[in-house]
$ cat input-v8.txt   # compact mmCIF, C-alpha atoms
# COMPACT_ATOMS: atom_id res chain seq x y z
CA MET A 30 -93.87 -65.45 -51.70
CA ARG A 31 -90.13 -66.11 -52.02
CA LYS A 32 -88.98 -69.52 -50.95
CA SER A 33 -86.10 -69.80 -48.51
CA HIS A 34 -82.91 -70.98 -50.07
CA PRO A 35 -81.75 -74.38 -48.72
CA ILE A 36 -78.29 -73.05 -47.87
CA ARG A 37 -79.82 -70.20 -45.87
CA ARG A 38 -81.88 -72.70 -43.83
CA VAL A 39 -78.73 -74.65 -43.04
CA VAL A 40 -76.93 -71.50 -41.88
CA LEU A 41 -79.83 -70.49 -39.62
CA ALA A 42 -80.05 -73.98 -38.10
CA THR A 43 -76.34 -74.00 -37.41
CA ALA A 44 -76.50 -70.58 -35.75
CA ALA A 45 -79.38 -71.74 -33.53
CA THR A 46 -77.41 -74.80 -32.47
CA VAL A 47 -74.35 -72.72 -31.58
CA SER A 48 -76.51 -70.30 -29.56
CA GLY A 49 -78.02 -73.20 -27.60
CA VAL A 50 -74.58 -74.57 -26.75
CA VAL A 51 -73.40 -71.14 -25.58
CA LEU A 52 -76.51 -70.77 -23.41
CA LEU A 53 -75.93 -74.15 -21.76
CA LEU A 54 -72.30 -73.32 -21.04
CA SER A 55 -73.33 -70.02 -19.44
CA LEU A 56 -75.54 -71.92 -16.97
CA LYS A 57 -72.64 -74.08 -15.66
CA PRO A 58 -71.66 -73.27 -12.04
CA ALA A 59 -68.70 -70.90 -11.67
CA SER A 60 -66.83 -73.55 -9.73
CA ASP A 61 -66.92 -77.30 -10.02
CA PRO A 62 -67.90 -79.54 -7.05
CA ALA A 63 -64.27 -80.28 -6.23
CA SER A 64 -63.33 -76.62 -5.90
CA ALA A 65 -66.50 -75.94 -3.89
CA SER A 66 -65.54 -78.73 -1.48
CA ALA A 67 -62.06 -77.26 -1.12
CA VAL A 68 -63.50 -73.86 -0.24
CA GLY A 69 -65.81 -75.45 2.35
CA ALA A 70 -62.92 -77.35 3.92
CA ALA A 71 -60.82 -74.20 4.11
CA ALA A 72 -63.67 -72.37 5.81
CA GLN A 73 -63.98 -75.13 8.40
CA GLN A 74 -60.24 -75.17 9.07
CA SER A 75 -59.86 -71.41 9.35
CA PRO A 76 -59.43 -70.14 12.95
CA GLN A 77 -62.21 -68.37 14.73
CA GLY A 78 -62.35 -64.61 14.61
CA GLY A 79 -60.22 -62.50 16.94
CA THR A 80 -61.22 -62.07 20.56
CA GLY A 81 -61.73 -58.33 20.26
CA GLY A 82 -58.67 -57.40 22.28
CA GLY A 83 -59.08 -60.34 24.61
CA ALA A 84 -62.86 -60.15 24.95
CA GLN A 85 -63.13 -63.89 25.45
CA ALA A 86 -60.60 -66.68 25.82
CA SER A 87 -60.95 -69.28 23.08
CA ALA A 88 -61.30 -72.87 24.26
CA GLY A 89 -60.49 -71.82 27.81
CA SER A 90 -57.05 -70.42 26.89
CA GLY A 91 -55.73 -66.98 25.99
CA THR A 92 -56.38 -63.54 27.44
CA VAL A 93 -59.64 -61.93 28.42
CA THR A 94 -60.20 -58.31 29.42
CA GLY A 95 -62.89 -57.21 31.84
CA ASP A 96 -65.05 -54.13 31.48
CA ALA A 97 -63.54 -50.79 32.47
CA THR A 98 -64.85 -49.72 35.87
CA GLN A 99 -65.05 -46.05 36.82
CA THR A 100 -64.07 -45.20 40.40
CA GLN A 101 -63.84 -41.90 42.25
CA TYR A 102 -60.13 -41.67 41.41
CA GLY A 103 -60.02 -43.09 37.90
CA THR A 104 -60.62 -46.12 35.71
CA VAL A 105 -59.77 -49.70 36.66
CA GLN A 106 -59.67 -52.49 34.10
CA VAL A 107 -58.40 -56.04 34.58
CA ARG A 108 -56.97 -58.48 32.05
CA LEU A 109 -56.67 -62.20 32.79
CA THR A 110 -54.50 -64.87 31.26
CA VAL A 111 -56.32 -68.19 31.06
CA ALA A 112 -54.98 -71.68 30.35
CA GLY A 113 -57.17 -74.75 30.32
CA GLY A 114 -60.05 -72.81 31.83
CA LYS A 115 -57.89 -71.71 34.77
CA VAL A 116 -56.72 -68.17 35.58
CA THR A 117 -52.92 -68.20 35.48
CA GLY A 118 -52.25 -64.47 35.51
CA ALA A 119 -53.91 -61.15 36.26
CA GLU A 120 -52.96 -57.55 35.58
CA ALA A 121 -54.54 -54.13 35.70
CA VAL A 122 -54.32 -52.56 32.26
CA GLN A 123 -55.88 -49.41 33.69
CA ALA A 124 -55.64 -48.07 37.24
CA PRO A 125 -55.89 -44.67 38.99
CA LYS A 126 -52.78 -42.55 38.55
CA GLY A 127 -51.44 -39.14 39.44
CA GLY A 128 -50.47 -37.79 42.85
CA LEU A 129 -51.33 -40.05 45.77
CA SER A 130 -53.09 -42.46 43.42
CA ASP A 131 -49.72 -43.59 42.05
CA GLN A 132 -48.67 -44.81 45.49
CA LYS A 133 -51.97 -46.52 46.22
CA THR A 134 -52.02 -48.22 42.83
CA ALA A 135 -48.43 -49.44 43.28
CA MET A 136 -49.35 -50.81 46.69
CA ALA A 137 -52.72 -52.36 45.88
CA VAL A 138 -52.62 -53.74 42.35
CA PRO A 139 -49.84 -56.35 42.83
CA LYS A 140 -51.69 -57.74 45.85
CA LEU A 141 -55.00 -57.81 44.01
CA ASN A 142 -53.35 -59.56 41.05
CA GLN A 143 -51.96 -62.27 43.33
CA GLU A 144 -55.26 -62.79 45.08
CA ALA A 145 -57.18 -63.00 41.80
CA VAL A 146 -54.95 -65.87 40.65
CA ALA A 147 -55.01 -67.59 44.03
CA ALA A 148 -58.78 -67.31 44.51
CA GLN A 149 -59.80 -67.99 40.87
CA SER A 150 -62.73 -65.70 41.58
CA ALA A 151 -63.58 -62.10 42.41
CA GLN A 152 -64.16 -63.01 46.06
CA ILE A 153 -60.94 -61.36 47.23
CA ASP A 154 -60.14 -58.97 50.05
CA SER A 155 -59.87 -55.24 49.47
CA VAL A 156 -56.47 -53.71 50.11
CA SER A 157 -56.47 -51.45 53.14
CA GLY A 158 -55.98 -47.82 52.12
CA ALA A 159 -57.07 -48.47 48.52
CA THR A 160 -60.76 -49.30 48.91
CA TYR A 161 -61.99 -47.56 45.75
CA THR A 162 -59.30 -49.14 43.60
CA SER A 163 -60.00 -52.54 45.14
CA THR A 164 -63.73 -52.24 44.50
CA GLY A 165 -63.20 -51.23 40.89
CA TYR A 166 -60.68 -54.03 40.42
CA LYS A 167 -63.09 -56.65 41.70
CA LYS A 168 -65.91 -55.43 39.44
CA SER A 169 -63.72 -55.56 36.34
CA LEU A 170 -62.31 -58.90 37.45
CA GLN A 171 -65.80 -60.36 37.77
CA SER A 172 -66.73 -59.18 34.29
CA ALA A 173 -63.58 -60.83 32.91
CA LEU A 174 -64.38 -64.06 34.72
CA ASP A 175 -67.92 -63.99 33.32
CA LYS A 176 -66.45 -63.96 29.81
CA VAL A 177 -64.20 -66.90 30.62
CA LYS A 178 -67.00 -69.14 31.96
CA PRO A 179 -68.46 -70.28 28.60
CA SER A 180 -65.03 -71.45 27.45
CA SER A 181 -63.99 -73.00 30.72
CA ALA A 182 -67.26 -74.93 30.87
CA SER A 183 -66.04 -76.94 27.88
CA ALA A 184 -63.22 -78.30 30.02
CA GLY A 185 -65.75 -80.92 31.15
CA GLY A 186 -63.95 -83.44 33.27
CA ALA A 187 -61.10 -81.14 34.28
CA ALA A 188 -60.56 -81.02 38.01
CA GLN A 189 -62.30 -78.10 39.66
CA ALA A 190 -60.01 -75.65 41.42
CA ARG A 191 -60.93 -74.56 44.93
CA THR A 192 -59.45 -72.15 47.45
CA VAL A 193 -58.64 -72.83 51.08
CA THR A 194 -57.62 -70.22 53.63
CA GLY A 195 -55.33 -71.21 56.46
CA LYS A 196 -55.63 -70.12 60.07
CA VAL A 197 -54.18 -66.79 61.14
CA ALA A 198 -50.66 -67.12 62.53
CA GLN A 199 -49.80 -64.42 65.07
CA ILE A 200 -46.17 -63.33 65.01
CA GLN A 201 -44.22 -60.58 66.73
CA TYR A 202 -44.95 -58.05 63.97
CA GLY A 203 -48.56 -58.89 63.13
CA PRO A 204 -50.83 -61.62 61.72
CA VAL A 205 -49.99 -63.77 58.73
CA GLN A 206 -52.64 -65.69 56.84
CA VAL A 207 -52.26 -67.71 53.66
CA ARG A 208 -54.79 -68.73 51.03
CA VAL A 209 -54.01 -71.51 48.55
CA THR A 210 -55.69 -72.69 45.36
CA VAL A 211 -55.80 -76.44 44.86
CA ALA A 212 -56.70 -78.32 41.67
CA GLY A 213 -56.36 -82.03 41.11
CA GLY A 214 -54.66 -82.46 44.47
CA LYS A 215 -51.95 -79.96 43.53
CA VAL A 216 -51.26 -76.44 44.83
CA THR A 217 -51.67 -74.12 41.85
CA GLY A 218 -51.62 -70.76 43.62
CA ALA A 219 -50.76 -69.15 46.95
CA ALA A 220 -51.28 -65.67 48.38
CA ALA A 221 -50.96 -63.96 51.75
CA VAL A 222 -54.29 -62.37 52.61
CA GLN A 223 -52.76 -60.94 55.78
CA ALA A 224 -49.14 -59.96 56.44
CA PRO A 225 -47.24 -57.56 58.75
CA LYS A 226 -47.45 -53.93 57.68
CA GLY A 227 -46.38 -50.52 58.79
CA GLY A 228 -42.88 -49.07 58.89
CA LEU A 229 -40.10 -51.53 58.13
CA SER A 230 -42.63 -54.37 57.98
CA ASP A 231 -43.93 -53.06 54.65
CA GLN A 232 -40.53 -53.54 53.05
CA LYS A 233 -40.00 -56.99 54.53
CA THR A 234 -43.47 -58.13 53.51
CA ALA A 235 -43.00 -56.84 49.96
CA MET A 236 -39.68 -58.68 49.79
CA ALA A 237 -40.68 -61.96 51.42
CA ILE A 238 -44.28 -62.74 50.45
CA PRO A 239 -43.83 -63.08 46.66
CA ARG A 240 -40.94 -65.51 47.24
CA LEU A 241 -42.88 -67.52 49.77
CA ASN A 242 -45.87 -67.70 47.42
CA GLN A 243 -43.69 -69.04 44.63
CA GLU A 244 -42.03 -71.60 46.88
CA ALA A 245 -45.37 -72.79 48.25
CA VAL A 246 -46.60 -73.55 44.72
CA ALA A 247 -43.31 -75.11 43.65
CA ALA A 248 -43.02 -77.33 46.74
CA GLY A 249 -46.68 -78.19 47.11
CA ASN A 250 -46.18 -78.27 50.89
CA ALA A 251 -45.11 -76.09 53.81
CA ASP A 252 -41.53 -77.37 53.86
CA ILE A 253 -40.11 -74.21 52.28
CA ASP A 254 -37.13 -72.03 53.13
CA ALA A 255 -37.50 -68.91 55.25
CA VAL A 256 -36.64 -65.65 53.49
CA SER A 257 -33.49 -64.09 54.91
CA GLY A 258 -34.31 -60.88 56.79
CA ALA A 259 -37.96 -61.85 57.23
CA THR A 260 -37.71 -64.84 59.57
CA TYR A 261 -40.79 -64.07 61.65
CA THR A 262 -42.96 -63.45 58.59
CA SER A 263 -41.66 -66.64 56.98
CA THR A 264 -42.43 -68.67 60.09
CA GLY A 265 -45.98 -67.33 60.32
CA TYR A 266 -46.47 -67.91 56.61
CA LYS A 267 -45.45 -71.55 56.85
CA GLN A 268 -47.72 -72.13 59.85
CA SER A 269 -50.75 -70.68 58.06
CA LEU A 270 -49.80 -72.50 54.85
CA GLN A 271 -49.68 -75.82 56.67
CA SER A 272 -53.10 -75.09 58.16
CA ALA A 273 -54.51 -74.44 54.67
CA LEU A 274 -52.95 -77.62 53.28
CA ASP A 275 -54.40 -79.64 56.16
CA GLN A 276 -57.86 -78.34 55.30
CA ALA A 277 -57.28 -79.21 51.64
CA GLY A 278 -56.47 -82.77 52.58
CA GLY A 279 -52.69 -82.60 52.67
$ encode --input "input-v8.txt" --output "structure tokens"
Amino acid sequence: MRKSHPIRRVVLATAATVSGVVLLLSLKPASDPASASAVGAAAQQSPQGGTGGGAQASAGSGTVTGDATQTQYGTVQVRLTVAGGKVTGAEAVQAPKGGLSDQKTAMAVPKLNQEAVAAQSAQIDSVSGATYTSTGYKKSLQSALDKVKPSSASAGGAAQARTVTGKVAQIQYGPVQVRVTVAGGKVTGAAAVQAPKGGLSDQKTAMAIPRLNQEAVAAGNADIDAVSGATYTSTGYKQSLQSALDQAGG
């Protein structure tokens, strides 16, 4: 048998050593611990995924869209704006349209939006003459509120908002009744659940009530200015507003 040449043995040993080193290097992690930590930190700092078109308000703030509700005259879908776990705005992103539905939607939706913010719940009155739209609105509103609840629950010690409805004030052109939302001893929303209607009263109510609502929130009391051209409505509004504030503890 031929003996191995000493030089050949040296070459083979060297090759084996090099192969071992290469194998060890191939087993090293693709990224060192420092880079892995950086990736983990970035993942923790990255914002949460999108809300799916406003599916749920993050940390009690943002927009949230309720489920679309089918009514006899079309689809109704409500979107809420939420800040600090509180509803600060409401709008109908879908509502019945076409023919008479256009008029009913234009009449009902603004009122329903106001009441949703004032009540902070789906326990709001239906708008006379737009019962189907009102029902669909309230269903979609409730589904939106249900999506807000998990986030708003994290508010913890935040003051709970509550609604108070004042007594009905009878004026020459019909009843006026005001509902206010109070949180932390402050008026955060106001809406007229009853107001004069029919004929010229519709125009005066549409002109006066939004202004009175804004002033009631801004002032935090019933010492607000009457709207020119709607003196009777303004007087009744202030009387009912004062009644609501009295029930809320001033």
$ closest_residue --input "input-v8.txt" --among "A:Tyr166, A:Tyr102, A:Ala137, A:Tyr202" --to "Gly228 in chain A" --atoms "all atoms listed in the file"
A:Tyr202
$ closest_residue --input "input-v8.txt" --among "A:Ala124, A:Val211, A:Met236, A:Val107" --to "Gly278 in chain A" --atoms "only C-alpha atoms"
A:Val211
$ atom_distance --input "input-v8.txt" --atom1 "CA of Arg191 in chain A" --atom2 "CA of Lys133 in chain A"
29.5 Å
$ closest_residue --input "input-v8.txt" --among "A:Ser130, A:Gln152, A:Gly218, A:Ser169" --to "Lys115 in chain A" --atoms "all atoms listed in the file"
A:Gly218
$ residues_around --input "input-v8.txt" --residues "Gly91 in chain A" --least-positions-apart "6" --cutoff "7 Å" --atoms "all atoms listed in the file" --output "list in words"
Thr110, Val111 and Ala112 of chain A
$ closest_residue --input "input-v8.txt" --among "A:Ala190, A:Val246, A:Ala273, A:Ala121" --to "Gln206 in chain A" --atoms "all atoms listed in the file"
A:Ala273
$ residues_around --input "input-v8.txt" --residues "Glu144 in chain A" --least-positions-apart "5" --cutoff "10 Å" --atoms "all atoms listed in the file" --output "list of chain:residue names"
A:Ala119, A:Val138, A:Pro139, A:Gln149, A:Ser150, A:Ala151, A:Gln152, A:Ile153, A:Asp154, A:Ser155, A:Arg208, A:Val209, A:Thr210, A:Gly218, A:Ala219, A:Ala220, A:Ala221, A:Val222
$ closest_residue --input "input-v8.txt" --among "A:Leu141, A:Gly103, A:Val193, A:Thr260" --to "Gly128 in chain A" --atoms "all atoms listed in the file"
A:Gly103
$ residues_around --input "input-v8.txt" --residues "Gln101 in chain A" --least-positions-apart "6" --cutoff "10 Å" --atoms "all atoms listed in the file" --output "PDB file with C-alpha atoms, in the coordinates of the input"
ATOM      1  CA  PRO A 125     -55.890 -44.670  38.990  1.00  0.00           C
ATOM      2  CA  TYR A 161     -61.990 -47.560  45.750  1.00  0.00           C
ATOM      3  CA  THR A 162     -59.300 -49.140  43.600  1.00  0.00           C
ATOM      4  CA  GLY A 165     -63.200 -51.230  40.890  1.00  0.00           C
TER       5      GLY A 165
END
$ axis_aligned_box --input "input-v8.txt" --around "range 235-244 of chain A" --padding-each-side "3 Å" --output "JSON"
{"center_x": -42.8, "center_y": -64.2, "center_z": 48.0, "size_x": 12.2, "size_y": 20.8, "size_z": 12.8}
$ atom_distance --input "input-v8.txt" --atom1 "CA of Val93 in chain A" --atom2 "CA of Ala147 in chain A"
17.2 Å
$ closest_residue --input "input-v8.txt" --among "A:Glu120, A:Leu170, A:Val207, A:Leu109" --to "Pro239 in chain A" --atoms "only C-alpha atoms"
A:Val207
$ atom_distance --input "input-v8.txt" --atom1 "CA of Val177 in chain A" --atom2 "CA of Gln243 in chain A"
24.9 Å
$ residues_around --input "input-v8.txt" --residues "Thr234 in chain A" --least-positions-apart "3" --cutoff "8 Å" --atoms "only C-alpha atoms" --output "number ranges by chain"
A: 224-226, 230-231, 237-238, 259, 262
$ residues_around --input "input-v8.txt" --residues "Ala198 in chain A" --least-positions-apart "4" --cutoff "8 Å" --atoms "all atoms listed in the file" --output "ChimeraX atom specification"
/A:204-206,265-266,268-269
$ write_last_selection --input "input-v8.txt" --atoms "C-alpha atoms" --output "tab-separated table (two decimals), in the frame of the given file"
chain	number	residue	atom	x	y	z
A	204	PRO	CA	-50.83	-61.62	61.72
A	205	VAL	CA	-49.99	-63.77	58.73
A	206	GLN	CA	-52.64	-65.69	56.84
A	265	GLY	CA	-45.98	-67.33	60.32
A	266	TYR	CA	-46.47	-67.91	56.61
A	268	GLN	CA	-47.72	-72.13	59.85
A	269	SER	CA	-50.75	-70.68	58.06
